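Participant: Before we start, here is the structure in question, set down as structure tokens.
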Amino acid sequence: MTHSFQNKIAVVTGASSGIGLGIAQELAALGATVIITGRDKNKLKSALSTLGPDASQFQVDVSSLSELDSFYKQILSRFGRIDILIANAGMGEFEPLGQITPEKFDRQFTTNVRGITFTVQKALPLMKPGSSIIITGSTASINPGQGLSVYGGTKAALRAMVRSWILDIKGAGVRINILSPGPVDTQSLHDFLPEPVDAILQSLRDRSPIGRIGQTEEIAKAVVFLASEDASYINGAEIFADGGASQI
Ligand code: NAD
């Protein structure tokens with residue numbers, strides 16, 4: 001299936017690396033005018049260099065309401081609208097119940113739940129009927145495994161919230177869906193896993209029904225489908241791109 005996103009304005013948050021960058025690259029390759037956001041100036045600059053001449057970057061921390069306001073104000077004046085919003089910025093920490101601290105708890109909920117909430121809320125006035133929002137979830141929303149209760153809780157919260165949001169915006173013509181990846185080969189996955197990382201990665205491969213870890217391009221292609229007109233009747237869904245990992 002080939003999609004075209006010519007003349008579409010697409011915002012991808014947390015896109016200076018990993019899955020977000022993969023999604024931005026796929027959308028840019030399909031003709032979208034891509035706007036990436038992230039927190040690190042240097043990483044954003046190097047990500048932008050892979051996206052072609054039409055792309056642009058903004059430094060935005062999704063936990064800051066004032067930074068989100070200023071970002072969307074600039075988008076409105078420079079681009080006039082958003083057709084596709086990929087609310088991808090997120091993070092997770094491995095901590096068994098006994099090691100959860102208020103700081104770790106707040107950091108994950110602030111980024112993954114509060115950050116996504118206001119990224120979506122503040123984008124909606126810029127989105128016309130036919131536009132699409134895709135949030136990056138995780139298989140941890142239904143199957144977090146040991147040590148990922150807080151992270152899994154943030155991703156499960158997103159599912160509940162999206163089911164309510166589609167009712168709140170009924171009639172706006174904007175679809176909101178969640179794309180939940182299983183383990184994907186990114187630097188952050190390696191940083192996130194506790195030691196022994198290689199053994200854990202091997203056990204993820206061994207337990208995976210498809211026998212391997214996913215690649216960022218595979219997530220990007222699923223997101224592109226959800227953003228396209230081919231997914232015009234899919235709304236409020238959580239779609240898993242995980243090689244079947246959510247079933248184990
Ligand atoms: P990543 O660290 O490469 O990407 C996350 C991006 O979000 C980074 O650019 C980071 O700087 C940004 N970010 C974090 N906090 C932010 C904040 N407060 N403001 C703005 N940007 C912020 O990791 P990734 O693996 O590509 O993760 C992307 C998304 O995919 C996350 O939501 C993550 O939970 C989800 N996910 C990843 C995997 C995996 O195996 N890699 C699996 C399931 C879900």
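If you're wondering about the labels, chains in the structure tokens are A, B, ... by order shown, residues count from 1 in each chain, ligands from 1 in order shown.
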Which of region 126-181 of chain A counts as strand (DSSP E) under DSSP, as a list in words please?
Facilitator: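 Taking region 126-181 of chain A and keeping strand (DSSP E) only, one gets Ser132, Ile133, Ile134, Ile135, Thr136, Arg175, Ile176, Asn177, Ile178, Leu179, Ser180 and Pro181 of chain A.
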Participant: Hey, which residues sit close to ligand 1? Say within 7 Å, counting only C-alpha atoms and all ligand atoms, and write them as a compact mmCIF listing (two decimals) with N, CA and C atoms, in the first residue's frame.
Facilitator:
```txt
# COMPACT_ATOMS: atom_id res chain seq x y z
N THR A 13 6.14 14.53 17.80
CA THR A 13 6.84 14.94 19.03
C THR A 13 7.83 13.85 19.45
N GLY A 14 8.89 14.27 20.12
CA GLY A 14 9.91 13.32 20.57
C GLY A 14 10.55 12.62 19.38
N ALA A 15 10.90 13.41 18.36
CA ALA A 15 11.31 12.81 17.08
C ALA A 15 12.79 13.01 16.78
N SER A 16 13.60 13.32 17.81
CA SER A 16 15.02 13.48 17.52
C SER A 16 15.75 12.14 17.52
N SER A 17 15.03 11.07 17.87
CA SER A 17 15.66 9.74 17.89
C SER A 17 14.58 8.67 17.80
N GLY A 18 15.04 7.42 17.67
CA GLY A 18 14.19 6.25 17.83
C GLY A 18 12.95 6.20 16.96
N ILE A 19 11.85 5.79 17.58
CA ILE A 19 10.60 5.56 16.86
C ILE A 19 10.07 6.86 16.24
N GLY A 20 10.13 7.95 16.99
CA GLY A 20 9.63 9.23 16.46
C GLY A 20 10.38 9.66 15.22
N THR A 37 9.68 17.73 16.97
CA THR A 37 9.99 18.40 18.24
C THR A 37 10.80 17.47 19.12
N GLY A 38 11.53 18.08 20.04
CA GLY A 38 12.33 17.34 21.01
C GLY A 38 12.92 18.34 21.97
N ARG A 39 13.74 17.83 22.89
CA ARG A 39 14.29 18.75 23.91
C ARG A 39 15.74 19.13 23.65
N ASP A 40 16.45 18.28 22.90
CA ASP A 40 17.88 18.47 22.74
C ASP A 40 18.19 19.11 21.37
N VAL A 60 10.83 21.68 22.17
CA VAL A 60 9.63 21.74 23.03
C VAL A 60 9.70 20.63 24.07
N ASP A 61 9.55 21.00 25.33
CA ASP A 61 9.41 20.00 26.39
C ASP A 61 7.90 19.82 26.61
N VAL A 62 7.41 18.61 26.37
CA VAL A 62 5.94 18.42 26.44
C VAL A 62 5.40 18.55 27.87
N SER A 63 6.28 18.59 28.85
CA SER A 63 5.78 18.77 30.21
C SER A 63 5.59 20.25 30.55
N ASN A 88 4.25 11.30 20.30
CA ASN A 88 5.15 10.16 20.52
C ASN A 88 6.09 10.34 21.71
N ALA A 89 6.35 11.59 22.11
CA ALA A 89 7.33 11.82 23.19
C ALA A 89 6.94 11.02 24.42
N GLY A 90 7.86 10.26 24.91
CA GLY A 90 7.55 9.42 26.07
C GLY A 90 8.82 8.84 26.64
N MET A 91 8.70 8.30 27.85
CA MET A 91 9.86 7.67 28.48
C MET A 91 9.39 6.64 29.51
N GLY A 92 10.30 5.77 29.88
CA GLY A 92 9.94 4.78 30.88
C GLY A 92 11.13 4.44 31.74
N THR A 111 5.37 13.02 31.80
CA THR A 111 5.72 12.99 30.37
C THR A 111 4.66 12.22 29.58
N ASN A 112 4.34 11.03 30.02
CA ASN A 112 3.55 10.13 29.18
C ASN A 112 2.05 10.41 29.22
N GLY A 115 1.83 15.07 29.52
CA GLY A 115 2.44 15.61 28.29
C GLY A 115 1.59 15.30 27.07
N THR A 136 1.73 7.29 20.61
CA THR A 136 2.55 6.09 20.78
C THR A 136 2.29 5.51 22.17
N GLY A 137 1.71 4.31 22.19
CA GLY A 137 1.47 3.60 23.45
C GLY A 137 2.57 2.59 23.66
N SER A 138 2.19 1.42 24.16
CA SER A 138 3.14 0.32 24.36
C SER A 138 2.35 -0.93 24.72
N THR A 139 2.91 -2.08 24.38
CA THR A 139 2.28 -3.33 24.84
C THR A 139 2.24 -3.40 26.36
N SER A 180 0.54 0.91 19.60
CA SER A 180 1.34 0.37 20.70
C SER A 180 2.39 -0.62 20.20
N PRO A 181 3.66 -0.21 20.23
CA PRO A 181 4.71 -1.13 19.81
C PRO A 181 5.06 -2.12 20.91
N GLY A 182 5.54 -3.28 20.48
CA GLY A 182 6.25 -4.17 21.39
C GLY A 182 7.70 -3.69 21.44
N PRO A 183 8.63 -4.51 21.92
CA PRO A 183 10.02 -4.08 21.97
C PRO A 183 10.54 -3.70 20.57
N VAL A 184 11.16 -2.52 20.48
CA VAL A 184 11.67 -2.03 19.20
C VAL A 184 13.15 -1.70 19.40
N ASP A 185 13.93 -2.01 18.39
CA ASP A 185 15.37 -1.86 18.48
C ASP A 185 15.78 -0.39 18.45
N THR A 186 15.76 0.25 19.60
CA THR A 186 16.19 1.65 19.72
C THR A 186 17.21 1.74 20.85
N GLN A 187 17.96 2.81 20.83
CA GLN A 187 18.93 3.02 21.91
C GLN A 187 18.23 3.06 23.26
N SER A 188 17.01 3.68 23.26
CA SER A 188 16.32 3.83 24.54
C SER A 188 15.91 2.47 25.12
N LEU A 189 15.61 1.49 24.24
CA LEU A 189 15.27 0.16 24.76
C LEU A 189 16.50 -0.42 25.48
```
Participant: Env of Ile239 (chain A): 8 Å cut, atoms = only C-alpha atoms, seq-sep filter 6 positions within chain, self excluded. Answer as a list in words.
Facilitator: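 Answer for this query is Asn177, Ile178, Leu179 and Ser180 of chain A.
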Participant: Could those selected residues go to a file with C-alpha atoms, as a tab-separated table (two decimals), in the first residue's frame?
Facilitator:
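Wrote it out as out-v8.tsv, contents follow:
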```tsv
chain	number	residue	atom	x	y	z
A	177	ASN	CA	-5.82	6.25	17.85
A	178	ILE	CA	-2.98	4.62	19.75
A	179	LEU	CA	-0.23	2.63	18.10
A	180	SER	CA	1.34	0.37	20.70
```
Participant: Taking only C-alpha atoms into account, name the residue in A:Thr33, A:Gln215, A:Ser149, A:Ser141 that is nearest to Arg81 (chain A).
Facilitator: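 Closest to Arg81 (chain A), using only C-alpha atoms: A:Thr33.
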Participant: From the options A:Ser232, A:Ser246, A:Ser208, A:Thr154, which residue's atoms come nearest to Asp106 (chain A), counting only C-alpha atoms?
Facilitator: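 Looking only at the distances to Asp106 (chain A), the closest residue turns out to be A:Thr154.
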Participant: Tell me, as number ranges by chain, which residues lie within 7 Å of region 217-221 of chain A, counting only C-alpha atoms; anything in the same chain fewer than 4 positions away does not count.
Facilitator: A: 22-23, 26, 181, 225, 241
Participant: Would you save the residues from that selection as a PDB file, in the first residue's frame, using C-alpha atoms?
Facilitator:
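Dumped to again35.pdb:
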```pdb
ATOM      1  CA  GLY A  22      11.524   6.718  12.093  1.00  0.00           C
ATOM      2  CA  ILE A  23       7.936   7.980  11.811  1.00  0.00           C
ATOM      3  CA  GLU A  26       8.529   7.767   6.696  1.00  0.00           C
ATOM      4  CA  PRO A 181       4.708  -1.126  19.808  1.00  0.00           C
ATOM      5  CA  PHE A 225      -1.520   3.501   7.791  1.00  0.00           C
ATOM      6  CA  ALA A 241       2.544  -3.570  16.238  1.00  0.00           C
TER       7      ALA A 241
END
```
Participant: Please return, as a PyMOL selection string, all residues of region 21-152 of chain A that DSSP assigns to helix (DSSP H, G or I) on the basis of the backbone.
Facilitator: chain A and resi 21-29+41-48+65-79+97-99+102-126+139-141+149-152
Participant: Could you write out that same residue set with C-alpha atoms as an mmCIF file, in the first residue's frame?
Facilitator:
```
data_model
loop_
_atom_site.group_PDB
_atom_site.id
_atom_site.type_symbol
_atom_site.label_atom_id
_atom_site.label_comp_id
_atom_site.auth_asym_id
_atom_site.auth_seq_id
_atom_site.Cartn_x
_atom_site.Cartn_y
_atom_site.Cartn_z
ATOM 1 C CA LEU A 21 12.479 9.856 14.049
ATOM 2 C CA GLY A 22 11.524 6.718 12.093
ATOM 3 C CA ILE A 23 7.936 7.980 11.811
ATOM 4 C CA ALA A 24 9.116 11.450 10.744
ATOM 5 C CA GLN A 25 11.359 9.917 8.070
ATOM 6 C CA GLU A 26 8.529 7.767 6.696
ATOM 7 C CA LEU A 27 6.090 10.703 6.571
ATOM 8 C CA ALA A 28 8.716 12.929 4.902
ATOM 9 C CA ALA A 29 9.452 10.220 2.318
ATOM 10 C CA LYS A 41 19.021 21.116 20.216
ATOM 11 C CA ASN A 42 21.919 19.071 18.798
ATOM 12 C CA LYS A 43 19.917 15.862 18.446
ATOM 13 C CA LEU A 44 17.094 17.778 16.747
ATOM 14 C CA LYS A 45 19.559 19.346 14.323
ATOM 15 C CA SER A 46 21.031 16.015 13.321
ATOM 16 C CA ALA A 47 17.545 14.414 13.022
ATOM 17 C CA LEU A 48 16.406 17.306 10.825
ATOM 18 C CA LEU A 65 2.455 24.129 29.091
ATOM 19 C CA SER A 66 4.055 27.441 28.126
ATOM 20 C CA GLU A 67 6.429 25.717 25.674
ATOM 21 C CA LEU A 68 3.478 23.847 24.137
ATOM 22 C CA ASP A 69 1.496 27.096 23.835
ATOM 23 C CA SER A 70 4.373 28.908 22.186
ATOM 24 C CA PHE A 71 5.009 25.959 19.825
ATOM 25 C CA TYR A 72 1.413 25.767 18.596
ATOM 26 C CA LYS A 73 1.291 29.553 18.204
ATOM 27 C CA GLN A 74 4.298 29.365 15.889
ATOM 28 C CA ILE A 75 2.788 26.432 13.969
ATOM 29 C CA LEU A 76 -0.433 28.390 13.466
ATOM 30 C CA SER A 77 1.363 31.427 12.122
ATOM 31 C CA ARG A 78 3.826 29.479 9.915
ATOM 32 C CA PHE A 79 1.700 26.568 8.675
ATOM 33 C CA LEU A 97 7.365 -1.980 43.326
ATOM 34 C CA GLY A 98 9.828 -1.579 46.201
ATOM 35 C CA GLN A 99 12.000 0.824 44.180
ATOM 36 C CA PRO A 102 7.690 9.707 43.928
ATOM 37 C CA GLU A 103 10.195 11.327 41.525
ATOM 38 C CA LYS A 104 10.225 8.366 39.114
ATOM 39 C CA PHE A 105 6.455 8.055 39.356
ATOM 40 C CA ASP A 106 5.870 11.753 38.633
ATOM 41 C CA ARG A 107 8.440 11.857 35.796
ATOM 42 C CA GLN A 108 6.714 9.040 33.893
ATOM 43 C CA PHE A 109 3.142 10.258 34.441
ATOM 44 C CA THR A 110 4.123 13.869 33.712
ATOM 45 C CA THR A 111 5.716 12.986 30.374
ATOM 46 C CA ASN A 112 3.548 10.128 29.180
ATOM 47 C CA VAL A 113 0.105 11.142 30.450
ATOM 48 C CA ARG A 114 0.103 14.871 31.217
ATOM 49 C CA GLY A 115 2.438 15.607 28.291
ATOM 50 C CA ILE A 116 0.288 13.682 25.803
ATOM 51 C CA THR A 117 -2.927 15.199 27.199
ATOM 52 C CA PHE A 118 -1.834 18.785 26.601
ATOM 53 C CA THR A 119 -0.023 17.988 23.350
ATOM 54 C CA VAL A 120 -3.370 16.714 22.033
ATOM 55 C CA GLN A 121 -5.632 19.289 23.704
ATOM 56 C CA LYS A 122 -3.642 22.260 22.416
ATOM 57 C CA ALA A 123 -3.296 20.832 18.880
ATOM 58 C CA LEU A 124 -7.008 20.243 18.360
ATOM 59 C CA PRO A 125 -7.942 23.869 17.538
ATOM 60 C CA LEU A 126 -5.461 23.661 14.628
ATOM 61 C CA THR A 139 2.280 -3.332 24.835
ATOM 62 C CA ALA A 140 3.060 -2.523 28.487
ATOM 63 C CA SER A 141 -0.477 -1.087 28.601
ATOM 64 C CA SER A 149 4.036 -1.124 36.651
ATOM 65 C CA VAL A 150 4.334 2.664 36.487
ATOM 66 C CA TYR A 151 5.303 2.741 32.801
ATOM 67 C CA GLY A 152 2.516 0.251 31.978
#
```
Participant: Do a neighbour search on Ile169 (chain A) at 12 Å with only C-alpha atoms, toss out local chain neighbours closer than 5 positions, and write the hits as an mmCIF file with C-alpha atoms, in the first residue's frame.
Facilitator:
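And here is the file that came out, around_0.cif:
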```
data_model
loop_
_atom_site.group_PDB
_atom_site.id
_atom_site.type_symbol
_atom_site.label_atom_id
_atom_site.label_comp_id
_atom_site.auth_asym_id
_atom_site.auth_seq_id
_atom_site.Cartn_x
_atom_site.Cartn_y
_atom_site.Cartn_z
ATOM 1 C CA VAL A 120 -3.370 16.714 22.033
ATOM 2 C CA GLN A 121 -5.632 19.289 23.704
ATOM 3 C CA LEU A 124 -7.008 20.243 18.360
ATOM 4 C CA PRO A 125 -7.942 23.869 17.538
ATOM 5 C CA MET A 127 -6.942 20.429 13.253
ATOM 6 C CA LYS A 128 -9.698 20.348 10.645
ATOM 7 C CA PRO A 129 -12.100 17.481 9.836
ATOM 8 C CA VAL A 162 -8.486 8.205 24.234
ATOM 9 C CA ARG A 163 -11.749 6.286 24.595
ATOM 10 C CA SER A 164 -13.180 9.301 26.399
ATOM 11 C CA VAL A 174 -10.573 14.192 13.940
ATOM 12 C CA ARG A 175 -9.658 10.561 14.604
ATOM 13 C CA ILE A 176 -7.520 9.636 17.633
ATOM 14 C CA ASN A 235 -11.084 5.683 15.764
ATOM 15 C CA GLY A 236 -10.406 5.286 19.485
#
```
Participant: Near Leu30 (chain A), within 7 Å and counting only C-alpha atoms, which residues show up once chain neighbours fewer than 5 positions away are dropped, as a VMD selection string?
Facilitator: chain A and resid 3 to 5
Participant: Export, as a PDB file, in the first residue's frame, the selected residues with C-alpha atoms.
Facilitator:
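result.pdb was written with the following content:
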```
ATOM      1  CA  HIS A   3       0.220   6.447   0.722  1.00  0.00           C
ATOM      2  CA  SER A   4       0.771  10.022  -0.313  1.00  0.00           C
ATOM      3  CA  PHE A   5       0.962  12.811   2.219  1.00  0.00           C
TER       4      PHE A   5
END
```
